[in-house]
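Below is one structure, written out as structure tokens, with a few remarks after it.
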Amino acid sequence: MGGPCIVWLLWAMVFVISAGGEFVKVGVVLDPSTTVGKLSNLSIQMALSDFYSENFKYKTRISFIFKDAGDVVEVASAATVLLRDGVEAIIGPQTTEQAMYLTEFGRKYEIPIISFTVTTPSLSPKQNPYFIRAAQNDLAQVQAVNAIIQMYGWREIVPIYEDTEYGRGIITNLADALQQNGTRLVRRTMIPLSASETEILKELKRLKDMHETIFLLHTSGCVGRMVLSLAKKEGMFSEGYAWIVTNGLSSLIDPILVSKDLDSMQGIVGIRPYIPITQKLQNFQAKFKQRLPLSLSSTSPNLFAVQAYDTVWALAMAVEKMNYSTTHTGTATRKKLILHEIKNTKFEGISGNFSLVDGELKRSTFEVFYVVGEKEKIIGLYCHKKGVYEKSISKPIWPGDTVDPPRINLTIGIPLKGFPEFVNANIIDPQKSSGFCIDIFNSAVEVLDIPIRHTFVPFVDQNGKSNGSYDVLLRQIDMQKFDVIVGDITIVANRTELVDFTLPYSESRVSMLVSERNDKKDENMWIFLRPFEWNLWLVSFISFLFTGFVVWLLECRVNTDFGAGPPQQQIGLIFWFSFSTLVFAHRERILNNLSRFLLIIWVFVVLILTQSYTANLSSMLTAQRLRPSFLDANEIREKGYFVGYQNGSFVKSFLITQLQFEETNLKAYGSPDEFKEALNRGIKDGGVAAIFDEIPYIKVFLRKYPSGYRMVGPTYPTGGLGFAFPKGSPLVAYFSRAILNVTEDKDKMRAIESKYFSSDSEDTPRTPDSALNVYRFGGLFIITAVATWSALLIYLTQFLLTHWPDSSNDQSPFASKMFEMVKLFYRKHFVHPSSLQSSQSRVYSVSEMAEDKTMQIENDDDNSTEEANILGVVNEDQAEDDA
């Protein structure tokens with residue numbers, strides 16, 4: 001122990017003896033080889049002197065026994081010696097490992113263990129009743145660190161922490177807190193305490209090669225200084241980088257701000273518990289510097305030295321309370337009383353309000369600062385209820401002497417495509433790469449609310465050619481070579497096991513592209529039948545006959561154009577009238593109003609049918625007689641023909657697993673020109689029967705080669721095109737929202753699409769001419785059927801009402817009446833004198849001539865009366881009675 005320490009110890013002993021009080025032995029276990037140990041020893045001695053100078057009437061006096069301990073073994077030895085010396089409390093396990101041993105020691109021997117430097121959450125006073133933490137738990141700074149990161153919009157942070165219980169203590173909790181706000185810890189880097197400069201430099205180079213720029217440093221002083229110094233040498237303190245240091249290192253910044261360390265700390269942002277500047281603190285700092293040895297003359301008291309000072313004051317108050325409450329107790333009871341009293345001690349110390357909650361110090365405010373020049377400047381304060389708020393109008397000066405906060409650097413892999421409309425990778429200057437997918441990504445970056453800096457890297461080999469398929473490209477994310485993959489990446493199930501995709505920015509389906517050939521089947525003499533399918537021909541023929549029959553029935557009794565002639569002539573008239581309407585060549589008069597109504601409907605139907613027939617036949621005769629070479633993928637597979645697909649596309653596995661093609665029958669092509677050549681060569685000349693690809697690529701091909709090729713067959717849905725990120729990346733959600741904003745902006749999407757795809761091109765594949773079927777004219781046939789049957793029913797109703805026998809004169813049953821009505825209907829419509837004459841001999845007897853004459857007169861009377869009745873002149877029954 002140094003000379004000043006001995007002087008202070010002798011002075012304290014003389015003061016206590018002169019005061020005549022009771023002694024309470026307290027052990028102090030620190031490492032004087034470290035700055036923290038040296039400053040804490042001095043602070044403890046000052047606190048003992050200052051306390052009893054102000055409270056000289058106290059009946060108890062603390063007597064410190066100092067033991068040097070640099071590791072756990074020395075701590076164990078020192079604790080055993082102190083226990084033999086009769087100490088009633090131990091102050092100062094300096095590291096987590098030391099504190100963990102002493103905590104078990106205190107539990108076993110029931111002696112209070114007090115630490116003002118151990119902050120790791122794994123060592124909790126709740127679980128260790130004899131352990132008192134006169135410092136703040138590291139978990140208290142988690143939300144403060146999170147608030148800083150969210151304030152600058154960073155979404156990926158690289159934690160660098162030492163491989164100790166202290167270093168690992170808050171990483172899990174910090175990762176959980178960041179995850180709630182869409183930020184994650186990546187590339188976690190642990191630094192062993194025994195790590196050499198070479199080992200640390202190797203880790204830093206690895207992070208630099210991965211283009212990581214935002215770092216969180218959670219280490220003790222010695223490791224932290226080494227990491228920062230080596231990072232400066234590696235060029236990781238230039239513009240675009242950011243370093244955040246936690247309490248363990250930032251609490252030591254003041255005492256290590258010497259010339260050799262300043263240069264490697266310019267622009268770092270630190271967080272530590274806030275200590276208000278009071279007069280008591282300023283007096284302490286002044287006296288502290290006066291008593292420093294020459295070797296530490298340029299050093300200032302750090303947070304641990306301040307907390308050591310307040311810890312001694314709290315212990316001294318507890319000892320006095322213990323002695324005042326009971327003076328004659330055993331040693332074990334005194335230790336418990338000291339433990340109880342110090343937990344309930346509250347006072348205003350130089351670090352602020354000293355109050356233990358659950359055995360540890362509680363403070364809710366942190367200060368955020370940055371280092372610039374030879375000093376530090378406060379950015380703001382963090383309070384759990386208020387968050388971070390500005391205390392200084394000046395912005396932080398980040399590494400590289402810039403006020404612009406560092407952005408998230410993304411290394412973006414882009415494929416080398418044979419379809420430059422989608423991705424046109426510029427190998428010489430990748431940042432000038434273009435294409436539909438690139439423009440969508442750049443537009444999404446523009447609407448993001450987080451700072452992004454990206455670099456495009458084409459996925460090519462040393463010869464400038466594609467370095468593999470899309471699946472190989474996606475695996476580069478897991479290998480940490482790329483942060484994002486931007487391109488026409490189709491979202492399919494097996495790829496989601498490798499990466500996370502954003503929402504699709506473009507729909508996509510798989511279809512079949514084939515060549516066209518002349519259709520010789522159209523060159524035949526029966527082509528005039530092809531405009532209509534057989535079912536339409538059949539229904540049309542039936543409709544013609546039925547309509548002609550109904551018109552004849554309605555007209556035959558009153559119209560000589562319909563009612564004259566033998567039966568075969570009447571049947572011919574029905575056919576003639578029906579089909580003459582096709583060319584509107586009918587000349588027969590129409591007298592019945594129902595017939596006129598029906599004829600109007602029928603002529604309209606005939607007009608539609610004839611015009612449709614003419615249009616479809618004209619199209620078939622005049623259009624180029626080209627048909628797809630194949631219409632069905634099953635036919636191609638069953639005949640064993642070769643098919644093609646785009647090189648590197650997922651379509652290969654789709655053809656094998658979904659469409660059951662043999663892998664030996666698949667050929668890969670890389671550009672539209674290769675597609676064309678393969679289709680032109682065909683199945684007999686080393687080509688392919690069809691090309692299977694996603695519809696956007698087929699449309700690009702058809703725009704470039706609009707004639708001679710066609711997209712046919714069913715389409716098979718996929719997940720669309722999206723951007724690929726590492727599994728669990730928080731950027732996926734942000735980019736998905738940005739993509740929605742871009743795709744919902746119709747003007748922006750239209751501008752991007754028209755830039756790479758011709759707007760005047762055909763958007764949908766052509767379909768071959770097809771015959772018309774009955775379904776397309778179903779409405780017309782329903783209308784004419786309703787009109788025809790309605791006219792027929794109305795006519796039959798009128799006939800029955802007109803000829804129904806008078807019930808007063810006829811008592812026949814209803815069935816007999818109906819039978820007579822049917823006979824009458826048949827006789828009046830289907831039996832005519834002209835027809836009878838034509839069927840008999842031209843030589844008659846006198847009696848036969850008289851009988852025929854009588855029948856003719858009766859028939860003439862019936863016909864004339866019928867006509868007069870229809871015209872509204874006389875009643876038919878009255879005419880028959882008169883006859």
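Residue names in the structure tokens use chain letters A, B, ... in the order shown, residue numbers from 1 in each chain, and ligand numbers from 1 in the order shown.
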- Message: Just want the 6 Å neighbourhood of stretch 263-273 of chain A, counted on only C-alpha atoms, with same-chain residues fewer than 2 positions away dropped. Output as a VMD selection string.
- Response: chain A and resid 228 to 229 232 243 to 247 250 261 366 to 372 397 to 399
- Every residue of stretch 397-558 of chain A that DSSP places in alpha helix (DSSP H), as a ChimeraX atom specification: /A:436-447,470-478,534-555
- Test item: residues at most 9 Å from A:Thr311, only C-alpha atoms, excluding those fewer than 3 positions along its chain, as number ranges by chain: A: 44, 47, 91, 114-116, 134, 306-308, 314-316, 354
- Message: Please identify the strand (DSSP E or B) residues within stretch 46-291 of chain A (assignment by DSSP from backbone atoms) and present them as an MDAnalysis selection string.
- Response: chainID A and resid 60:68 90:91 113:115 131:136 156:162 184:185 189:191 214:218 242:245 269:273
